[in-house]
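Pasting structure29.txt here (compact mmCIF, C-alpha atoms):
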# COMPACT_ATOMS: atom_id res chain seq x y z
CA MET A 304 -47.16 125.36 57.15
CA LEU A 305 -45.22 123.60 54.53
CA MET A 306 -46.10 119.99 54.23
CA LEU A 307 -43.76 117.56 52.47
CA SER A 308 -44.89 114.20 51.32
CA THR A 309 -42.70 111.19 50.89
CA SER A 310 -43.66 110.89 47.28
CA SER A 311 -42.08 114.20 46.49
CA LEU A 312 -38.67 113.25 47.97
CA GLN A 313 -36.15 111.43 45.72
CA LEU A 314 -34.01 109.20 47.85
CA LYS A 315 -30.63 107.94 46.56
CA PRO A 316 -30.15 104.22 46.68
CA TYR A 317 -27.86 102.93 49.47
CA ARG A 318 -26.33 99.53 49.96
CA SER A 319 -27.72 97.48 52.66
CA ILE A 320 -25.89 96.59 55.83
CA SER A 321 -25.54 93.06 54.58
CA ALA A 322 -23.72 94.37 51.52
CA PHE A 323 -21.27 96.32 53.66
CA THR A 324 -20.76 93.23 55.73
CA ALA A 325 -20.06 91.15 52.65
CA ILE A 326 -17.58 93.71 51.35
CA GLY A 327 -15.84 93.89 54.73
CA GLU A 328 -15.58 90.15 55.00
CA SER A 329 -14.23 89.93 51.45
CA SER A 330 -11.60 92.59 52.15
CA PHE A 331 -10.63 90.98 55.45
CA ARG A 332 -10.31 87.60 53.78
CA THR A 333 -8.23 89.14 51.00
CA ASN A 334 -5.90 90.84 53.52
CA LEU A 335 -5.67 87.65 55.57
CA LEU A 336 -4.84 85.66 52.46
CA VAL A 337 -2.12 88.15 51.51
CA GLN A 338 -0.68 88.09 55.02
CA CYS A 339 -0.67 84.29 55.09
CA CYS A 340 1.18 84.18 51.80
CA LEU A 341 3.63 86.98 52.58
CA ILE A 342 4.57 86.12 56.19
CA PRO A 343 6.35 82.80 55.39
CA ASN A 344 8.32 84.49 52.62
CA LEU A 345 9.18 87.34 54.96
CA ARG A 346 10.26 84.93 57.68
CA GLU A 347 12.33 82.96 55.19
CA HIS A 348 14.00 86.19 54.03
CA LYS A 349 14.76 87.19 57.61
CA GLY A 350 16.18 83.70 58.29
CA HIS A 351 18.52 83.96 55.32
CA GLN A 352 19.56 87.42 56.48
CA LEU A 353 20.34 86.17 60.02
CA GLN A 354 22.28 83.20 58.67
CA HIS A 355 24.27 85.52 56.41
CA ASN A 356 25.06 87.78 59.38
CA GLU A 357 26.20 84.83 61.48
CA ASN A 358 28.45 83.53 58.68
CA PHE A 359 29.92 87.01 58.26
CA LYS A 360 30.66 87.26 62.00
CA ARG A 361 32.34 83.85 61.95
CA ARG A 362 34.52 84.84 59.00
CA ARG A 363 35.58 88.02 60.79
CA LEU A 364 36.41 86.02 63.93
CA LEU A 365 38.51 83.51 61.97
CA ILE A 366 40.37 86.30 60.19
CA PHE A 367 41.10 87.95 63.54
CA LEU A 368 42.35 84.72 65.14
CA PHE A 369 44.70 83.93 62.28
CA SER A 370 45.95 87.53 62.14
CA VAL A 371 47.10 87.40 65.79
CA GLY A 372 48.70 84.00 65.41
CA LEU A 373 45.93 81.93 66.96
CA SER A 374 43.83 79.27 65.36
CA PRO A 375 40.67 77.63 66.61
CA THR A 376 40.77 73.99 67.54
CA LEU A 377 39.33 71.96 64.71
CA PRO A 378 38.08 68.40 65.14
CA SER A 379 40.51 65.71 64.08
CA PHE A 380 39.44 62.32 62.87
CA GLY A 381 42.91 60.95 62.05
CA LYS A 382 44.04 57.67 63.50
CA THR A 383 47.18 57.32 65.60
CA LYS A 384 49.98 55.80 63.58
CA VAL A 385 51.29 52.57 65.06
CA LYS A 386 54.94 51.81 64.50
CA SER A 387 55.32 48.51 62.66
CA PRO A 388 58.28 46.11 62.78
CA PHE A 389 59.06 47.17 59.22
CA ASP A 390 59.47 50.80 60.33
CA GLU A 391 61.73 49.73 63.20
CA LYS A 392 63.87 47.63 60.87
CA ARG A 393 64.14 50.55 58.45
CA ILE A 394 65.26 52.89 61.26
CA VAL A 395 67.88 50.39 62.42
CA GLU A 396 69.23 50.14 58.87
CA GLN A 397 69.44 53.92 58.65
CA ASN A 398 71.26 54.05 61.99
CA LYS A 399 73.75 51.42 60.83
CA ARG A 400 74.45 53.41 57.68
CA ILE A 401 75.13 56.55 59.74
CA GLN A 402 77.31 54.57 62.13
CA ARG A 403 79.40 53.25 59.26
CA GLU A 404 79.90 56.80 58.04
CA ASN A 405 81.05 57.76 61.56
CA ASN A 406 83.41 54.75 61.75
CA ALA A 407 81.58 53.33 64.74
CA PRO A 408 82.88 50.01 66.13
CA ASP A 409 81.26 46.68 65.36
CA ASP A 410 78.13 45.63 67.26
CA PHE A 411 77.43 49.25 68.09
CA PRO A 412 73.85 49.60 69.49
CA SER A 413 71.06 51.42 67.68
CA PHE A 414 68.73 53.92 69.29
CA ILE A 415 65.11 54.29 68.14
CA ARG A 416 63.26 57.34 69.41
CA GLU A 417 59.49 57.18 69.88
CA GLY A 418 58.39 60.52 71.30
CA PHE A 419 60.12 60.96 74.64
CA GLU A 420 61.09 57.29 74.88
CA VAL A 421 64.22 55.69 73.44
CA LYS A 422 64.52 52.03 72.60
CA VAL A 423 68.01 50.51 72.62
CA VAL A 424 68.53 47.80 70.00
CA ALA A 425 71.61 45.72 70.80
CA PRO A 426 72.76 42.10 70.39
CA ASP A 427 71.78 39.52 72.99
CA ASN A 428 75.24 39.50 74.58
CA TYR A 429 74.58 42.90 76.17
CA VAL A 430 73.49 42.89 79.81
CA LYS A 431 71.05 45.37 81.38
CA SER A 432 71.32 46.09 85.11
CA GLU A 433 68.49 47.10 87.44
CA SER A 434 69.59 50.74 87.30
CA GLY A 435 69.16 50.81 83.51
CA LEU A 436 72.87 50.60 82.70
CA ILE A 437 73.68 48.38 79.71
CA PHE A 438 77.13 46.82 79.19
CA LYS A 439 79.05 44.17 77.33
CA ASP A 440 82.37 42.59 78.34
CA PHE A 441 84.98 42.01 75.64
CA GLU A 442 87.61 40.86 78.15
CA VAL A 443 86.95 40.11 81.82
CA GLY A 444 90.45 40.76 83.18
CA MET A 445 92.02 39.45 86.39
CA GLY A 446 92.34 40.60 89.99
CA ASP A 447 89.99 42.31 92.43
CA HIS A 448 87.27 44.81 91.70
CA PRO A 449 88.06 48.44 92.60
CA LYS A 450 86.52 49.93 95.74
CA ASP A 451 85.50 53.38 96.88
CA GLY A 452 88.54 55.41 97.81
CA GLN A 453 90.82 53.57 95.40
CA GLN A 454 92.14 55.13 92.23
CA VAL A 455 91.38 53.55 88.86
CA ILE A 456 93.59 54.08 85.83
CA PHE A 457 91.80 53.47 82.54
CA HIS A 458 91.50 54.33 78.88
CA TYR A 459 88.17 55.14 77.28
CA ILE A 460 86.53 56.20 74.02
CA GLY A 461 83.24 58.09 74.20
CA TYR A 462 80.55 57.97 71.49
CA ASN A 463 77.19 59.61 70.96
CA GLU A 464 74.07 57.78 69.74
CA SER A 465 75.08 58.00 66.08
CA GLY A 466 78.45 56.36 66.76
CA ARG A 467 80.48 59.55 66.39
CA ARG A 468 83.53 59.67 68.63
CA ILE A 469 83.37 62.57 71.09
CA ASP A 470 86.40 61.92 73.31
CA SER A 471 89.30 59.49 73.67
CA THR A 472 92.20 59.12 76.08
CA TYR A 473 94.05 57.13 73.40
CA ILE A 474 94.18 60.28 71.27
CA GLN A 475 95.18 62.34 74.30
CA GLY A 476 98.11 60.01 74.82
CA ALA A 477 97.58 59.32 78.54
CA PRO A 478 95.06 57.27 80.56
CA ALA A 479 92.61 58.84 82.97
CA LYS A 480 93.08 58.60 86.75
CA VAL A 481 90.10 59.00 89.08
CA ARG A 482 89.37 58.05 92.69
CA LEU A 483 86.09 56.21 93.09
CA GLY A 484 83.48 57.51 95.52
CA THR A 485 84.45 61.18 95.08
CA ASN A 486 81.88 62.10 92.39
CA GLY A 487 84.73 62.38 89.92
CA LEU A 488 82.93 60.23 87.34
CA VAL A 489 79.55 60.20 85.67
CA PRO A 490 77.22 58.01 87.82
CA GLY A 491 76.65 55.50 85.02
CA PHE A 492 80.36 55.38 84.22
CA GLU A 493 81.30 54.65 87.83
CA GLN A 494 78.65 51.95 88.06
CA GLY A 495 80.07 50.37 84.92
CA ILE A 496 83.72 50.40 85.98
CA ILE A 497 83.41 49.49 89.68
CA ASP A 498 82.79 45.79 88.97
CA MET A 499 85.50 45.46 86.31
CA ARG A 500 88.84 43.77 86.87
CA PRO A 501 92.28 45.09 85.85
CA GLY A 502 92.92 44.21 82.22
CA GLY A 503 89.21 44.06 81.45
CA LYS A 504 87.58 45.75 78.47
CA ARG A 505 83.92 46.71 78.49
CA ARG A 506 81.40 48.72 76.51
CA ILE A 507 79.06 50.78 78.70
CA ILE A 508 75.76 52.26 77.49
CA ILE A 509 74.70 55.02 79.87
CA PRO A 510 71.03 56.16 79.87
CA PRO A 511 70.24 59.87 80.33
CA GLU A 512 69.22 59.45 83.98
CA LEU A 513 72.70 58.11 84.77
CA GLY A 514 74.47 60.38 82.32
CA PRO A 515 76.71 63.39 82.64
CA PRO A 516 75.61 66.95 83.31
CA VAL A 517 74.47 68.88 80.27
CA GLY A 518 75.02 72.50 79.34
CA PRO A 519 77.08 74.86 77.24
CA SER A 520 80.31 73.86 79.01
CA THR A 521 79.95 70.16 78.14
CA PHE A 522 79.93 68.22 74.89
CA PHE A 523 76.96 66.09 75.95
CA SER A 524 73.45 66.63 74.62
CA SER A 525 70.39 66.60 76.81
CA LYS A 526 68.40 63.34 76.99
CA GLN A 527 70.98 61.39 75.00
CA PHE A 528 72.46 57.96 75.60
CA GLU A 529 76.25 57.87 75.83
CA VAL A 530 78.44 54.89 74.91
CA PHE A 531 81.93 54.28 76.31
CA ASP A 532 84.49 51.64 75.49
CA VAL A 533 86.55 51.26 78.68
CA GLU A 534 89.84 49.48 79.34
CA LEU A 535 90.73 49.20 83.03
CA ILE A 536 94.52 49.24 83.33
CA SER A 537 95.12 49.09 87.07
CA VAL A 538 93.75 49.85 90.54
CA GLN A 539 95.75 51.75 93.19
CA ASP A 540 95.34 52.17 96.95
CA CYS A 541 95.24 55.74 98.22
CA GLN A 542 96.34 57.27 101.53
CA ARG A 543 96.13 60.79 102.87
CA ARG A 544 99.48 62.45 103.53
CA THR A 545 99.98 65.48 105.80
CA ILE A 546 103.13 67.58 105.88
CA GLY A 547 102.84 70.60 108.15
CA PHE A 548 99.88 72.61 106.95
CA TYR A 549 99.79 70.74 103.64
CA SER A 550 97.62 67.68 103.10
CA ASP A 551 96.98 65.56 100.01
CA VAL A 552 96.14 62.04 98.88
CA VAL A 553 98.80 59.77 97.46
CA CYS A 554 97.83 56.69 95.39
CA THR A 555 100.29 53.92 94.68

Show me, as structure tokens, the structure contained in the file I just sent.
Amino acid sequence: MLMLSTSSLQLKPYRSISAFTAIGESSFRTNLLVQCCLIPNLREHKGHQLQHNENFKRRRLLIFLFSVGLSPTLPSFGKTKVKSPFDEKRIVEQNKRIQRENNAPDDFPSFIREGFEVKVVAPDNYVKSESGLIFKDFEVGMGDHPKDGQQVIFHYIGYNESGRRIDSTYIQGAPAKVRLGTNGLVPGFEQGIIDMRPGGKRRIIIPPELGPPVGPSTFFSSKQFEVFDVELISVQDCQRRTIGFYSDVVCT
């Protein structure tokens, strides 16, 4: 039987468990320290990358919107401009200059547009009725006012807002003849002439709501004031006449 003694065996030295434990703890602490230092930098890098991607997507979206003719609504911090009396005075002076170039009559009104609203600037001797019609009498005339069914004979000159003449019976060489109450006149024109007297002369400013029809077949512009200088010559009574199958109205 072979007997081995412990003295004859040469044992290699080994580290103790405590040494392995110390090495493990040191390595773990080193890894933990590395992770703690690297993770914030990694997160920061990822954050920059996400922000870059978001900015790139926004740029692509803006380029697409502008390419198709759309634009995103951007915030506006501008203040609304308030029209001052100086601006109104300047506009009136410009209107007067244009009216002189168009040979407009004296005391012709000025029209100041503010968006969809129009302000009429006229001397104090102009009168505004409840319907919005504005007029001024140069001569009152004599006799009775015309009534519905009667025929009025009158001269007129029509102007647009800039004082340019658009029509005139004086140039045509003959006065106009129209029966009242038959929708033969512009509503504002009929309102302005129905309380005149024969021989009277009046300037009538007709607002768009009382104005003439607009369209390609007319010389009137949409949403424009019209100005007429009217001279009422005479008023005639009218009667219906029937001869056989023929019927008409005769005014004398």

Which one is closest to Pro501 of chain A: A:Asp451, A:Glu420, A:Glu464, A:Glu534? Count all atoms listed in the file.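 Going through A:Asp451, A:Glu420, A:Glu464, A:Glu534 one by one, the smallest distance to Pro501 of chain A is for A:Glu534.
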
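Among the candidate residues A:Glu442, A:Asp540, A:Asp410, A:Glu417, the one lying nearest to Gly466 of chain A is A:Asp410, with distances computed using only C-alpha atoms.
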
With distances taken over all atoms listed in the file, which of A:Val423, A:Ile546, A:Ala407, A:Val533 is nearest to Thr472 of chain A?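 Checking each candidate against Thr472 of chain A, we get A:Val533 as the closest.
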
How many Å lie between atom CA of Asp409 of chain A and atom CA of Ser471 of chain A, rounded to one decimal?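 Answer for the atom CA of Asp409 of chain A to atom CA of Ser471 of chain A separation: 17.3 Å.
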
Can you pull out every residue within 6 Å of Val455 of chain A, counting all atoms listed in the file, but drop anything in the same chain fewer than 3 positions away, and send it as JSON, numbers by chain? {"A": [480, 481, 538]}

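Between atom CA of Tyr462 of chain A and atom CA of Lys392 of chain A the interatomic distance comes to 22.3 Å.
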
Atom pair atom CA of Asn398 of chain A / atom CA of Ile415 of chain A: separation (Å):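 Interatomic distance here is 8.7 Å.
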
I want to know what sits within 10 Å of Lys399 of chain A, based on all atoms listed in the file, with residues of the same chain fewer than 2 positions away left out; could you give that as a list in words?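 The filter keeps Arg393, Ile394, Val395, Glu396, Gln397, Ile401, Gln402, Arg403, Glu404, Asn405, Ala407, Asp409, Asp410, Phe411, Pro412, Ser413, Ser465 and Gly466 of chain A.
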
If you count all atoms listed in the file, which residues fall within 9 Å of segment 493-496 of chain A, apart from same-chain ones fewer than 5 positions away, as an MDAnalysis selection string? chainID A and resid 436:438 448:449 455 483:484 486:488 505:509 533 535

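The neighbours of Pro478 of chain A here are the residues that come within 7 Å of it, using all atoms listed in the file and leaving out any residue fewer than 4 positions away in the same chain; they are A:Ile456, A:Phe457, A:His458, A:Thr472.
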
Can you pull out the residues contacting Thr555 of chain A? Cut-off 10 Å, using all atoms listed in the file, and skip same-chain residues under 5 positions away; I want them as an NGL selection string. :A and (453-454 or 538-542)

Of the listed residues A:Phe548, A:Tyr429, A:Tyr459, A:Phe414, that which approaches Gly476 of chain A most closely, counting all atoms listed in the file: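 Closest to Gly476 of chain A, using all atoms listed in the file: A:Tyr459.
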
Of the candidates A:Arg544, A:Val530, A:Ile460, A:Arg416, which one gets nearest to Asp390 of chain A if we count all atoms listed in the file? A:Arg416

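The residue that comes closest to Gly461 of chain A, out of A:Phe492, A:Pro511, A:Cys554, A:Lys431 and on the basis of only C-alpha atoms, is A:Phe492.
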
Assuming 5 Å of padding per side, give the centre and edge lengths of the axis-aligned box around every listed atom of segment 465-476 of chain A, in Å to one decimal and as lines of an AutoDock Vina configuration file.
center_x = 86.6
center_y = 59.5
center_z = 71.1
size_x = 33.0
size_y = 16.2
size_z = 20.0
